[in-house]
Each structure stands twice: as C-alpha cells, then as structure tokens.
Amino acid sequence: MRGGPAGDLYIFLAIRAHPFFQREGADLHCRVPISMVLAALGGEIEVPTIDGTHSRVKVPEGTQSGRRFRLHGKGMPVLRSKQCGDMYVQVLVETPQKLSKRQRELLNEFERLSSKETQPETAGFFGKVKEFLGRSGAV
C-alpha cells in the first residue's frame with residue numbers, strides 16, 4: 001500500500017453453528033422429536049432441508065427412539081462436483097408430561113395389555129437380568 005512492500009493477507013473465518021443441522025463433511029444430521037403415538041402407529045413427518053424446502057419422512061410403525069432415516073442428496077454440495085451429500089434425520093421419541101387423569105388411565109390400561117410382542121426389547125432386557133441374577137445366586 002502506498003508504495004510499501006507486498007505482504008501477506010490473512011483472512012479469519014468463524015462459522016456459526018446452525019440451530020437445526022450439524023454438518024459432517026457433505027452430510028447433514030438433525031434430530032427431530034416425535035410423539036410416542038406417532039412412533040407406535042407410524043405416519044409421516046415433514047422436516048426442513050438446507051435449501052429452504054421441506055421433505056417428508058415416512059416413520060414406520062414401531063419406530064424406536066434414535067432411529068435414523070437417510071434423505072439421499074439433501075445434504076451439502078460437494079466442492080467442484082455436481083453431487084450433494086445426504087441428510088440424516090434421527091427421531092427422538094418424546095415421553096408425554098403433565099398427563100390428565102384420563103391419559104394416565106389409558107396408559108395404565110395399555111401397560112396392563114402389553115406383552116413381549118408389543119415391547120420385545122423391555123421383555124428381553126428384564127428376562128436377561130432375571131437370568132443373570134438367577135445364575136449369580138443373587139435372587
């Protein structure tokens with residue numbers, strides 16, 4: 001500048017975290033809460049995408065919390081390419097709070113009618129605990 005010697009130019013960038021998406025390379029990840037009823041019965045949810053549109057995700061009957069769904073090509077563009085990464089939607093089943101008396105009654109009835117077929121992971125876990133405790137002599 002003003003006849004001085006040439007120098008180096010330093011540019012510092014700060015990237016702010018997105019409130020909804022987390023980036024991993026060209027892939028995007030997001031977490032979406034769903035009701036336990038939607039998780040049990042199945043249905044569809046609509047999720048925002050990085051380009052400002054929305055995509056529908058089919059949630060199958062019996063979906064467990066933490067399950068991930070892939071939306072092909074809905075991630076970030078890959079530099080010097082026409083490809084885009086994928087978007088992964090992880091559903092988190094939300095447990096209801098502040099239930100009414102009627103809701104409590106219905107959930108208690110549901111619990112009474114539940115079995116190994118309707119809750120295989122719970123039945124399997126407690127069966128293994130019982131078996132373990134029986135073998136260790138702690139029962």
# chains A, B, ... in the order shown; residues from 1 in each chain; ligands from 1
$ select_by_dssp --residues "chain A" --states "strand (DSSP E or B)" --output "PDB file with C-alpha atoms, in the first residue's frame"
ATOM      1  CA  GLN A  22     -24.946 -30.478  12.221  1.00  0.00           C
ATOM      2  CA  ARG A  23     -22.527 -30.951   9.352  1.00  0.00           C
ATOM      3  CA  GLU A  24     -20.224 -33.915   8.824  1.00  0.00           C
ATOM      4  CA  ASP A  27     -23.698 -34.890   5.056  1.00  0.00           C
ATOM      5  CA  LEU A  28     -26.136 -33.125   7.348  1.00  0.00           C
ATOM      6  CA  HIS A  29     -27.598 -34.520  10.551  1.00  0.00           C
ATOM      7  CA  CYS A  30     -30.623 -33.353  12.517  1.00  0.00           C
ATOM      8  CA  ARG A  31     -32.709 -34.610  15.419  1.00  0.00           C
ATOM      9  CA  VAL A  32     -36.473 -34.417  15.329  1.00  0.00           C
ATOM     10  CA  PRO A  33     -38.758 -35.097  18.306  1.00  0.00           C
ATOM     11  CA  ILE A  34     -41.834 -37.229  17.563  1.00  0.00           C
ATOM     12  CA  SER A  35     -44.705 -38.324  19.765  1.00  0.00           C
ATOM     13  CA  GLY A  43     -47.033 -41.889   9.936  1.00  0.00           C
ATOM     14  CA  GLU A  44     -45.138 -39.061   8.280  1.00  0.00           C
ATOM     15  CA  ILE A  45     -43.202 -36.046   9.453  1.00  0.00           C
ATOM     16  CA  GLU A  46     -42.097 -33.042   7.472  1.00  0.00           C
ATOM     17  CA  VAL A  47     -38.541 -31.813   8.031  1.00  0.00           C
ATOM     18  CA  PRO A  48     -36.844 -28.657   6.742  1.00  0.00           C
ATOM     19  CA  HIS A  54     -39.260 -29.429   3.239  1.00  0.00           C
ATOM     20  CA  SER A  55     -39.069 -33.195   2.802  1.00  0.00           C
ATOM     21  CA  ARG A  56     -41.456 -35.847   4.040  1.00  0.00           C
ATOM     22  CA  VAL A  57     -40.074 -38.750   6.054  1.00  0.00           C
ATOM     23  CA  LYS A  58     -42.145 -41.903   6.456  1.00  0.00           C
ATOM     24  CA  VAL A  59     -41.977 -43.155  10.054  1.00  0.00           C
ATOM     25  CA  ARG A  68     -32.092 -42.640  11.645  1.00  0.00           C
ATOM     26  CA  PHE A  69     -33.578 -42.036   8.217  1.00  0.00           C
ATOM     27  CA  ARG A  70     -31.491 -41.037   5.188  1.00  0.00           C
ATOM     28  CA  LEU A  71     -32.609 -38.456   2.654  1.00  0.00           C
ATOM     29  CA  PRO A  77     -22.971 -29.660  -2.149  1.00  0.00           C
ATOM     30  CA  CYS A  84     -24.655 -33.411  -2.783  1.00  0.00           C
ATOM     31  CA  MET A  87     -29.277 -35.683   5.177  1.00  0.00           C
ATOM     32  CA  TYR A  88     -29.802 -37.973   8.155  1.00  0.00           C
ATOM     33  CA  VAL A  89     -32.888 -37.461  10.317  1.00  0.00           C
ATOM     34  CA  GLN A  90     -32.744 -39.036  13.775  1.00  0.00           C
ATOM     35  CA  VAL A  91     -36.088 -39.314  15.539  1.00  0.00           C
ATOM     36  CA  LEU A  92     -36.314 -38.924  19.286  1.00  0.00           C
ATOM     37  CA  VAL A  93     -39.484 -40.313  20.842  1.00  0.00           C
ATOM     38  CA  GLU A  94     -40.834 -37.798  23.321  1.00  0.00           C
TER      39      GLU A  94
END
$ select_by_dssp --residues "chain A" --states "alpha helix (DSSP H)" --output "JSON, numbers by chain"
{"A": [36, 37, 38, 39, 40, 41, 101, 102, 103, 104, 105, 106, 107, 108, 109, 110, 111, 112, 113, 120, 121, 122, 123, 124, 125, 126, 127, 128, 129, 130, 131, 132, 133, 134, 135, 136]}
$ atom_distance --atom1 "CA of Glu61 (chain A)" --atom2 "CA of Gln119 (chain A)"
12.9 Å
$ residues_around --residues "Gly62 (chain A)" --least-positions-apart "6" --cutoff "12 Å" --atoms "only C-alpha atoms" --output "MDAnalysis selection string"
chainID A and resid 35:43 93 117:121
$ atom_distance --atom1 "CA of Ile15 (chain A)" --atom2 "CA of Gly73 (chain A)"
22.8 Å
$ atom_distance --atom1 "CA of Gly85 (chain A)" --atom2 "CA of Arg16 (chain A)"
20.0 Å
